[in-house]
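As provided, coords_32.cif (mmCIF, C-alpha atoms and all ligand atoms) reads as follows.
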```
data_input
loop_
_atom_site.group_PDB
_atom_site.id
_atom_site.type_symbol
_atom_site.label_atom_id
_atom_site.label_comp_id
_atom_site.auth_asym_id
_atom_site.auth_seq_id
_atom_site.Cartn_x
_atom_site.Cartn_y
_atom_site.Cartn_z
ATOM 1 C CA GLU P 1 67.333 -34.391 -150.039
ATOM 2 C CA VAL P 2 63.883 -35.223 -151.443
ATOM 3 C CA THR P 3 61.589 -37.993 -150.190
ATOM 4 C CA LEU P 4 59.318 -39.543 -152.823
ATOM 5 C CA ARG P 5 56.535 -42.060 -152.269
ATOM 6 C CA TYR P 6 55.522 -44.420 -155.064
ATOM 7 C CA VAL P 7 51.844 -43.983 -155.893
ATOM 8 C CA PRO P 8 50.584 -47.482 -156.799
ATOM 9 C CA GLY P 9 47.997 -47.992 -159.525
ATOM 10 C CA VAL P 10 48.561 -44.677 -161.281
ATOM 11 C CA GLY P 11 51.329 -45.922 -163.574
ATOM 12 C CA ALA P 12 50.442 -46.696 -167.214
ATOM 13 C CA VAL P 13 52.034 -48.688 -169.972
ATOM 14 C CA ASN P 14 51.529 -47.006 -173.312
ATOM 15 C CA GLY P 15 53.279 -48.129 -176.487
ATOM 16 C CA GLY P 16 56.358 -49.255 -174.551
ATOM 17 C CA ALA P 17 56.544 -46.133 -172.371
ATOM 18 C CA VAL P 18 56.039 -46.614 -168.642
ATOM 19 C CA LEU P 19 54.639 -43.877 -166.474
ATOM 20 C CA ILE P 20 55.312 -44.181 -162.776
ATOM 21 C CA CYS P 21 53.899 -41.615 -160.343
ATOM 22 C CA PHE P 22 55.628 -40.406 -157.210
ATOM 23 C CA ASP P 23 54.342 -38.088 -154.561
ATOM 24 C CA ASP P 24 56.803 -35.546 -153.096
ATOM 25 C CA ILE P 25 56.423 -36.062 -149.349
ATOM 26 C CA THR P 26 59.625 -34.270 -148.284
ATOM 27 C CA ASP P 27 57.807 -31.651 -146.180
ATOM 28 C CA ARG P 28 55.474 -34.184 -144.552
ATOM 29 C CA GLU P 29 58.410 -36.501 -143.753
ATOM 30 C CA HIS P 30 60.352 -33.596 -142.307
ATOM 31 C CA ALA P 31 57.400 -32.477 -140.156
ATOM 32 C CA SER P 32 56.754 -35.958 -138.808
ATOM 33 C CA GLN P 33 60.465 -36.472 -138.081
ATOM 34 C CA MET P 34 60.436 -33.189 -136.149
ATOM 35 C CA ARG P 35 57.371 -34.335 -134.216
ATOM 36 C CA ARG P 36 59.080 -37.612 -133.329
ATOM 37 C CA ASP P 37 62.243 -35.792 -132.197
ATOM 38 C CA PHE P 38 60.172 -33.407 -130.090
ATOM 39 C CA VAL P 39 58.292 -36.221 -128.329
ATOM 40 C CA ALA P 40 61.589 -38.057 -127.706
ATOM 41 C CA ASN P 41 63.125 -34.873 -126.258
ATOM 42 C CA VAL P 42 60.141 -34.122 -124.013
ATOM 43 C CA SER P 43 60.118 -37.705 -122.725
ATOM 44 C CA HIS P 44 63.821 -37.545 -121.983
ATOM 45 C CA GLU P 45 63.542 -34.159 -120.249
ATOM 46 C CA LEU P 46 60.686 -35.419 -118.046
ATOM 47 C CA ARG P 47 62.253 -38.765 -117.337
ATOM 48 C CA THR P 48 65.445 -37.281 -115.864
ATOM 49 C CA PRO P 49 63.768 -35.545 -112.886
ATOM 50 C CA LEU P 50 61.255 -38.404 -112.553
ATOM 51 C CA THR P 51 64.043 -40.972 -112.234
ATOM 52 C CA ALA P 52 65.703 -38.806 -109.572
ATOM 53 C CA LEU P 53 62.400 -38.480 -107.681
ATOM 54 C CA MET P 54 61.807 -42.227 -107.755
ATOM 55 C CA GLY P 55 65.354 -42.886 -106.539
ATOM 56 C CA PHE P 56 64.930 -40.534 -103.583
ATOM 57 C CA ILE P 57 61.531 -41.996 -102.667
ATOM 58 C CA GLU P 58 63.129 -45.431 -102.554
ATOM 59 C CA THR P 59 65.988 -44.157 -100.380
ATOM 60 C CA LEU P 60 63.556 -42.420 -98.027
ATOM 61 C CA ARG P 61 61.630 -45.659 -97.651
ATOM 62 C CA GLY P 62 64.805 -47.604 -96.969
ATOM 63 C CA ALA P 63 68.233 -46.455 -95.799
ATOM 64 C CA ALA P 64 67.268 -42.849 -94.910
ATOM 65 C CA ARG P 65 64.012 -43.759 -93.174
ATOM 66 C CA ASP P 66 65.155 -42.867 -89.661
ATOM 67 C CA ASP P 67 67.714 -40.209 -90.542
ATOM 68 C CA ALA P 68 66.075 -36.807 -90.103
ATOM 69 C CA ASN P 69 69.025 -34.889 -91.630
ATOM 70 C CA ALA P 70 69.142 -37.018 -94.752
ATOM 71 C CA ARG P 71 65.357 -36.792 -95.056
ATOM 72 C CA ASP P 72 65.415 -32.978 -95.042
ATOM 73 C CA ARG P 73 68.244 -32.871 -97.556
ATOM 74 C CA PHE P 74 66.550 -35.343 -99.882
ATOM 75 C CA LEU P 75 63.191 -33.587 -99.629
ATOM 76 C CA GLU P 76 64.861 -30.348 -100.669
ATOM 77 C CA ILE P 77 66.410 -32.021 -103.723
ATOM 78 C CA MET P 78 63.044 -33.619 -104.553
ATOM 79 C CA GLU P 79 61.377 -30.212 -104.370
ATOM 80 C CA GLY P 80 63.954 -28.905 -106.866
ATOM 81 C CA GLU P 81 63.313 -31.792 -109.260
ATOM 82 C CA ALA P 82 59.534 -31.345 -108.976
ATOM 83 C CA SER P 83 59.826 -27.636 -109.746
ATOM 84 C CA ARG P 84 62.054 -28.425 -112.742
ATOM 85 C CA MET P 85 59.213 -30.625 -114.064
ATOM 86 C CA ASN P 86 56.727 -27.879 -113.291
ATOM 87 C CA ARG P 87 58.784 -25.312 -115.233
ATOM 88 C CA LEU P 88 59.107 -27.680 -118.166
ATOM 89 C CA VAL P 89 55.361 -28.350 -118.309
ATOM 90 C CA GLY P 90 54.689 -24.590 -117.988
ATOM 91 C CA ASP P 91 57.055 -23.830 -120.897
ATOM 92 C CA LEU P 92 55.545 -26.619 -123.015
ATOM 93 C CA LEU P 93 52.079 -25.157 -122.474
ATOM 94 C CA SER P 94 53.345 -21.653 -123.337
ATOM 95 C CA LEU P 95 54.984 -22.956 -126.505
ATOM 96 C CA ASN P 96 51.793 -24.737 -127.486
ATOM 97 C CA ARG P 97 49.688 -21.621 -126.928
ATOM 98 C CA VAL P 98 52.095 -19.349 -128.749
ATOM 99 C CA GLU P 99 52.345 -21.741 -131.706
ATOM 100 C CA SER P 100 48.585 -22.039 -132.029
ATOM 101 C CA GLU P 101 48.236 -18.233 -132.101
ATOM 102 C CA GLU P 102 51.099 -17.626 -134.512
ATOM 103 C CA ARG P 103 48.823 -16.760 -137.442
ATOM 104 C CA VAL P 104 46.549 -14.476 -135.430
ATOM 105 C CA ARG P 105 47.742 -10.881 -135.673
ATOM 106 C CA PRO P 106 47.733 -9.020 -132.357
ATOM 107 C CA LYS P 107 45.026 -6.344 -132.356
ATOM 108 C CA GLU P 108 45.818 -4.323 -129.257
ATOM 109 C CA ARG P 109 48.100 -1.282 -129.381
ATOM 110 C CA ILE P 110 50.411 -1.040 -126.417
ATOM 111 C CA ASP P 111 53.032 1.365 -125.136
ATOM 112 C CA LEU P 112 56.205 -0.722 -125.322
ATOM 113 C CA VAL P 113 58.147 1.612 -123.014
ATOM 114 C CA ALA P 114 55.634 1.028 -120.201
ATOM 115 C CA TYR P 115 55.969 -2.750 -120.585
ATOM 116 C CA LEU P 116 59.779 -2.620 -120.676
ATOM 117 C CA SER P 117 59.775 -0.470 -117.522
ATOM 118 C CA SER P 118 57.489 -2.841 -115.664
ATOM 119 C CA THR P 119 59.581 -5.865 -116.737
ATOM 120 C CA ILE P 120 62.722 -4.124 -115.439
ATOM 121 C CA LYS P 121 60.934 -3.226 -112.214
ATOM 122 C CA SER P 122 59.911 -6.819 -111.535
ATOM 123 C CA LEU P 123 63.338 -8.302 -112.411
ATOM 124 C CA GLY P 124 65.409 -5.517 -110.778
ATOM 125 C CA PRO P 125 65.371 -6.978 -107.244
ATOM 126 C CA ILE P 126 66.393 -10.441 -108.565
ATOM 127 C CA ALA P 127 69.298 -8.854 -110.467
ATOM 128 C CA GLU P 128 70.491 -6.772 -107.552
ATOM 129 C CA SER P 129 70.293 -9.684 -105.108
ATOM 130 C CA GLY P 130 73.113 -11.338 -107.064
ATOM 131 C CA GLY P 131 75.252 -8.179 -107.306
ATOM 132 C CA ARG P 132 74.211 -7.784 -110.915
ATOM 133 C CA ASN P 133 73.158 -4.680 -112.790
ATOM 134 C CA LEU P 134 70.040 -4.142 -114.869
ATOM 135 C CA THR P 135 69.477 -0.862 -116.720
ATOM 136 C CA LEU P 136 66.952 0.546 -119.201
ATOM 137 C CA ASP P 137 67.663 3.241 -121.760
ATOM 138 C CA ALA P 138 64.391 4.166 -123.481
ATOM 139 C CA PRO P 139 62.778 7.392 -124.738
ATOM 140 C CA ASP P 140 60.615 9.374 -122.302
ATOM 141 C CA MET P 141 57.802 9.207 -124.833
ATOM 142 C CA PRO P 142 55.529 6.199 -125.361
ATOM 143 C CA ILE P 143 56.361 3.858 -128.267
ATOM 144 C CA GLU P 144 53.115 2.428 -129.624
ATOM 145 C CA ILE P 145 53.131 -0.962 -131.319
ATOM 146 C CA PRO P 146 50.436 -3.534 -132.187
ATOM 147 C CA ALA P 147 51.162 -6.320 -129.727
ATOM 148 C CA ASP P 148 49.914 -8.905 -127.295
ATOM 149 C CA PRO P 149 51.007 -7.378 -123.970
ATOM 150 C CA ASP P 150 51.524 -10.666 -122.081
ATOM 151 C CA GLN P 151 53.574 -12.143 -124.901
ATOM 152 C CA ILE P 152 55.737 -9.027 -125.262
ATOM 153 C CA GLN P 153 56.418 -9.133 -121.542
ATOM 154 C CA GLN P 154 57.347 -12.806 -121.872
ATOM 155 C CA VAL P 155 59.859 -12.060 -124.665
ATOM 156 C CA PHE P 156 61.787 -9.509 -122.625
ATOM 157 C CA THR P 157 61.468 -11.442 -119.374
ATOM 158 C CA ASN P 158 63.021 -14.510 -121.049
ATOM 159 C CA LEU P 159 65.829 -12.510 -122.666
ATOM 160 C CA ILE P 160 66.679 -10.597 -119.483
ATOM 161 C CA GLU P 161 66.453 -13.721 -117.304
ATOM 162 C CA ASN P 162 68.846 -15.510 -119.663
ATOM 163 C CA ALA P 163 71.296 -12.601 -119.591
ATOM 164 C CA LEU P 164 71.197 -12.571 -115.778
ATOM 165 C CA LYS P 165 71.344 -16.382 -115.544
ATOM 166 C CA TYR P 166 74.215 -17.001 -117.960
ATOM 167 C CA GLY P 167 75.991 -13.675 -117.404
ATOM 168 C CA GLY P 168 77.345 -14.814 -114.049
ATOM 169 C CA GLU P 169 78.334 -12.692 -111.060
ATOM 170 C CA ASN P 170 78.502 -8.913 -111.513
ATOM 171 C CA VAL P 171 77.081 -9.043 -115.037
ATOM 172 C CA THR P 172 75.611 -5.822 -116.397
ATOM 173 C CA VAL P 173 72.489 -6.222 -118.499
ATOM 174 C CA SER P 174 71.402 -3.165 -120.486
ATOM 175 C CA LEU P 175 68.119 -2.819 -122.254
ATOM 176 C CA THR P 176 67.870 -0.151 -124.954
ATOM 177 C CA ALA P 177 64.846 0.846 -127.014
ATOM 178 C CA LEU P 178 65.049 2.881 -130.191
ATOM 179 C CA ASP P 179 61.847 4.305 -131.680
ATOM 180 C CA ARG P 180 61.568 4.221 -135.508
ATOM 181 C CA ASP P 181 65.065 2.847 -136.081
ATOM 182 C CA PRO P 182 66.316 4.852 -139.115
ATOM 183 C CA ALA P 183 68.380 1.862 -140.267
ATOM 184 C CA LEU P 184 65.171 -0.056 -141.019
ATOM 185 C CA ARG P 185 63.065 0.261 -144.163
ATOM 186 C CA CYS P 186 59.648 0.040 -142.436
ATOM 187 C CA PRO P 187 58.654 1.873 -139.262
ATOM 188 C CA ALA P 188 59.832 -0.398 -136.480
ATOM 189 C CA VAL P 189 61.167 -0.275 -132.965
ATOM 190 C CA ARG P 190 64.496 -1.871 -132.064
ATOM 191 C CA VAL P 191 65.033 -3.263 -128.588
ATOM 192 C CA GLN P 192 68.374 -4.734 -127.536
ATOM 193 C CA VAL P 193 69.213 -6.841 -124.502
ATOM 194 C CA ILE P 194 72.961 -6.602 -124.052
ATOM 195 C CA ASP P 195 75.065 -8.403 -121.464
ATOM 196 C CA ASP P 196 78.782 -8.423 -120.736
ATOM 197 C CA GLY P 197 78.815 -12.052 -119.579
ATOM 198 C CA PRO P 198 80.846 -14.974 -120.978
ATOM 199 C CA GLY P 199 79.025 -14.931 -124.328
ATOM 200 C CA ILE P 200 78.179 -17.816 -126.666
ATOM 201 C CA ASP P 201 80.430 -19.696 -129.083
ATOM 202 C CA PRO P 202 79.287 -18.502 -132.568
ATOM 203 C CA VAL P 203 78.915 -22.129 -133.770
ATOM 204 C CA HIS P 204 75.769 -22.357 -131.614
ATOM 205 C CA LEU P 205 74.107 -19.153 -132.804
ATOM 206 C CA PRO P 206 72.165 -20.510 -135.827
ATOM 207 C CA ARG P 207 70.454 -23.192 -133.715
ATOM 208 C CA LEU P 208 69.875 -21.243 -130.492
ATOM 209 C CA THR P 209 66.114 -20.814 -130.969
ATOM 210 C CA GLU P 210 65.482 -24.518 -131.645
ATOM 211 C CA ARG P 211 63.532 -26.348 -128.980
ATOM 212 C CA PHE P 212 65.797 -27.928 -126.353
ATOM 213 C CA TYR P 213 68.947 -26.595 -128.017
ATOM 214 C CA ARG P 214 71.474 -25.483 -125.403
ATOM 215 C CA ALA P 215 74.875 -23.931 -126.010
ATOM 216 C CA ASP P 216 76.104 -25.308 -122.705
ATOM 217 C CA ASN P 217 74.017 -28.285 -121.686
ATOM 218 C CA HIS P 218 75.501 -28.712 -118.231
ATOM 219 C CA ARG P 219 75.247 -25.035 -117.277
ATOM 220 C CA SER P 220 71.668 -24.713 -118.562
ATOM 221 C CA ARG P 221 70.516 -27.696 -116.489
ATOM 222 C CA GLU P 222 72.446 -26.553 -113.433
ATOM 223 C CA LEU P 223 70.742 -23.142 -113.677
ATOM 224 C CA GLY P 224 67.305 -24.715 -114.119
ATOM 225 C CA GLY P 225 66.865 -23.971 -117.846
ATOM 226 C CA THR P 226 64.275 -25.914 -119.824
ATOM 227 C CA GLY P 227 65.849 -25.233 -123.247
ATOM 228 C CA LEU P 228 62.542 -23.761 -124.484
ATOM 229 C CA GLY P 229 62.887 -20.071 -123.570
ATOM 230 C CA LEU P 230 64.284 -18.833 -126.890
ATOM 231 C CA ALA P 231 61.960 -21.090 -128.927
ATOM 232 C CA ILE P 232 59.033 -19.349 -127.191
ATOM 233 C CA VAL P 233 60.622 -15.931 -127.840
ATOM 234 C CA LYS P 234 61.072 -16.743 -131.541
ATOM 235 C CA HIS P 235 57.432 -17.846 -132.008
ATOM 236 C CA ILE P 236 56.121 -14.710 -130.277
ATOM 237 C CA ILE P 237 58.309 -12.467 -132.446
ATOM 238 C CA ASN P 238 57.142 -14.321 -135.584
ATOM 239 C CA ARG P 239 53.546 -13.709 -134.554
ATOM 240 C CA HIS P 240 54.320 -9.989 -134.317
ATOM 241 C CA ARG P 241 55.981 -10.097 -137.787
ATOM 242 C CA GLY P 242 59.211 -9.071 -136.103
ATOM 243 C CA ARG P 243 62.786 -10.304 -136.199
ATOM 244 C CA LEU P 244 65.285 -11.653 -133.663
ATOM 245 C CA ARG P 245 69.035 -11.350 -134.143
ATOM 246 C CA VAL P 246 71.704 -12.776 -131.843
ATOM 247 C CA GLU P 247 75.310 -11.596 -131.844
ATOM 248 C CA SER P 248 77.882 -13.049 -129.521
ATOM 249 C CA ASP P 249 81.361 -14.455 -129.134
ATOM 250 C CA LEU P 250 83.159 -16.185 -126.309
ATOM 251 C CA GLY P 251 84.325 -13.664 -123.734
ATOM 252 C CA LYS P 252 82.474 -10.840 -125.459
ATOM 253 C CA GLY P 253 78.963 -10.962 -123.951
ATOM 254 C CA ALA P 254 75.777 -11.379 -125.950
ATOM 255 C CA THR P 255 73.389 -9.013 -127.732
ATOM 256 C CA PHE P 256 69.821 -10.058 -128.531
ATOM 257 C CA THR P 257 68.129 -7.604 -130.910
ATOM 258 C CA VAL P 258 64.348 -7.598 -131.333
ATOM 259 C CA ILE P 259 62.753 -5.664 -134.185
ATOM 260 C CA LEU P 260 59.002 -5.053 -133.879
ATOM 261 C CA PRO P 261 56.955 -3.319 -136.605
ATOM 262 C CA GLN P 262 54.999 -0.239 -135.544
HETATM 263 P P1 LIG R 301 67.465 -22.398 -121.363
HETATM 264 O O1 LIG R 301 66.205 -22.789 -120.708
HETATM 265 O O2 LIG R 301 68.480 -23.508 -121.430
HETATM 266 O O3 LIG R 301 68.036 -21.120 -120.836
HETATM 267 P P2 LIG R 301 66.912 -20.948 -123.838
HETATM 268 O O4 LIG R 301 66.163 -21.404 -125.032
HETATM 269 O O5 LIG R 301 66.383 -19.763 -123.095
HETATM 270 O O6 LIG R 301 67.061 -22.220 -122.914
HETATM 271 O O7 LIG R 301 68.394 -20.620 -124.296
HETATM 272 C C1 LIG R 301 69.095 -21.547 -125.098
HETATM 273 C C2 LIG R 301 70.573 -21.547 -124.756
HETATM 274 O O8 LIG R 301 71.174 -20.310 -125.181
HETATM 275 C C3 LIG R 301 70.884 -21.643 -123.278
HETATM 276 O O9 LIG R 301 70.910 -22.977 -122.850
HETATM 277 C C4 LIG R 301 72.256 -20.973 -123.169
HETATM 278 O O10 LIG R 301 73.261 -21.952 -123.445
HETATM 279 C C5 LIG R 301 72.250 -19.969 -124.320
HETATM 280 N N1 LIG R 301 72.034 -18.565 -123.909
HETATM 281 C C6 LIG R 301 70.890 -17.860 -124.007
HETATM 282 N N2 LIG R 301 71.059 -16.584 -123.605
HETATM 283 C C7 LIG R 301 72.357 -16.468 -123.260
HETATM 284 C C8 LIG R 301 73.176 -15.376 -122.770
HETATM 285 N N3 LIG R 301 72.678 -14.164 -122.573
HETATM 286 N N4 LIG R 301 74.502 -15.629 -122.525
HETATM 287 C C9 LIG R 301 75.013 -16.877 -122.749
HETATM 288 N N5 LIG R 301 74.295 -17.932 -123.201
HETATM 289 C C10 LIG R 301 72.991 -17.733 -123.454
#
```

Full structure transcribed into structure tokens:
Amino acid sequence: EVTLRYVPGVGAVNGGAVLICFDDITDREHASQMRRDFVANVSHELRTPLTALMGFIETLRGAARDDANARDRFLEIMEGEASRMNRLVGDLLSLNRVESEERVRPKERIDLVAYLSSTIKSLGPIAESGGRNLTLDAPDMPIEIPADPDQIQQVFTNLIENALKYGGENVTVSLTALDRDPALRCPAVRVQVIDDGPGIDPVHLPRLTERFYRADNHRSRELGGTGLGLAIVKHIINRHRGRLRVESDLGKGATFTVILPQ
């Protein structure tokens, strides 16, 4: 579909022929539609917890005013709603930062193995507390890549947190790193985050990295997801000139593959 805008005053009548000029504004239209959708989504996502907060404030002022038990329960729910808003604003700021840096190539060279190990170390206790398993299979040698260390940590934190979050009880999440993957044409490292959880219906896979896209809306909200995690991951990987591939099927777990040039 192409959107054209009539350019007034440029047309000419010449010996019976009429020249009318149009400007192709397809890309601009598409970009502004995306901006409008994004603002509508953000407003909706913020309004939901805000409406809940306002409802509870009203109840605390009225019916639950002298009921200490109800007050404690409501305050706990309000705290949850406020932290949902806080997470959303945090993710929006991250997305904004990552997007604005997308064209700036990372200059630092980091040892990816060290960053994967430290990510596993910080998420290990969270995994184990839910009876889940988190393992790393990486070479003993450093794997050097040009990268922004904080952003690389964010990529793997988001992917592992998702695997733990959606994998359910007793899920096993394995992280593997392969230096100079021989299957690739250019020197690149391949990292995979593999879980044996319930997996994702393949119909959702092409849209999974879109902002606010959720394969299971109810479950994502229940687990505190903002719907922005994979959009952030995708932008960071783009900045590193890498690639993200998702393979999954219902009942078969999910595999997120990240390719990063060396
Ligand atoms: P959210 O904040 O909702 O987790 P993400 O952008 O991180 O948002 O992920 C988008 C959606 O992809 C999630 O809502 C979830 O439905 C699905 N998803 C991501 N990772 C997994 C996984 N490992 N297993 C099952 N579903 C997943």

Please provide the set of residues having any atom within 7 Å of Ile259 of chain P, restricted to all atoms listed in the file, with same-chain residues fewer than 2 positions apart removed, written as a PDB file with C-alpha atoms, keeping the file's coordinate frame.
```pdb
ATOM      1  CA  ALA P 188      59.832  -0.398-136.480  1.00  0.00           C
ATOM      2  CA  VAL P 189      61.167  -0.275-132.965  1.00  0.00           C
ATOM      3  CA  ARG P 190      64.496  -1.871-132.064  1.00  0.00           C
ATOM      4  CA  VAL P 191      65.033  -3.263-128.588  1.00  0.00           C
ATOM      5  CA  GLY P 242      59.211  -9.071-136.103  1.00  0.00           C
ATOM      6  CA  ARG P 243      62.786 -10.304-136.199  1.00  0.00           C
ATOM      7  CA  LEU P 244      65.285 -11.653-133.663  1.00  0.00           C
ATOM      8  CA  THR P 257      68.129  -7.604-130.910  1.00  0.00           C
ATOM      9  CA  PRO P 261      56.955  -3.319-136.605  1.00  0.00           C
TER      10      PRO P 261
END
```

* One decimal, Å: what's the distance from atom CA of Asp148 of chain P over to atom CA of Pro106 of chain P, could you say? => 5.5 Å

* Separation of atom C6 of ligand LIG 301 (chain R) from atom CA of Asn162 of chain P in Å ->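 Atom C6 of ligand LIG 301 (chain R) lies at a distance of 5.3 Å from atom CA of Asn162 of chain P.
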
* To do: Give the residue list for ligand LIG 301 (chain R) at 7 Å, counting only C-alpha atoms and all ligand atoms, as a PyMOL selection string, sorted by chain and then by residue number.
  => chain P and resi 158-159+162-163+166-167+195+197-200+208-209+211-217+220-221+224-231+253-254

* Asked: Hey, what comes out of the PyMOL selection byres (((chain P and resi 133-139) around 7) and not hetatm) on this file? Could you write it as number ranges by chain?
  -> P: 113, 124, 127-128, 131-132, 140-141, 170-178
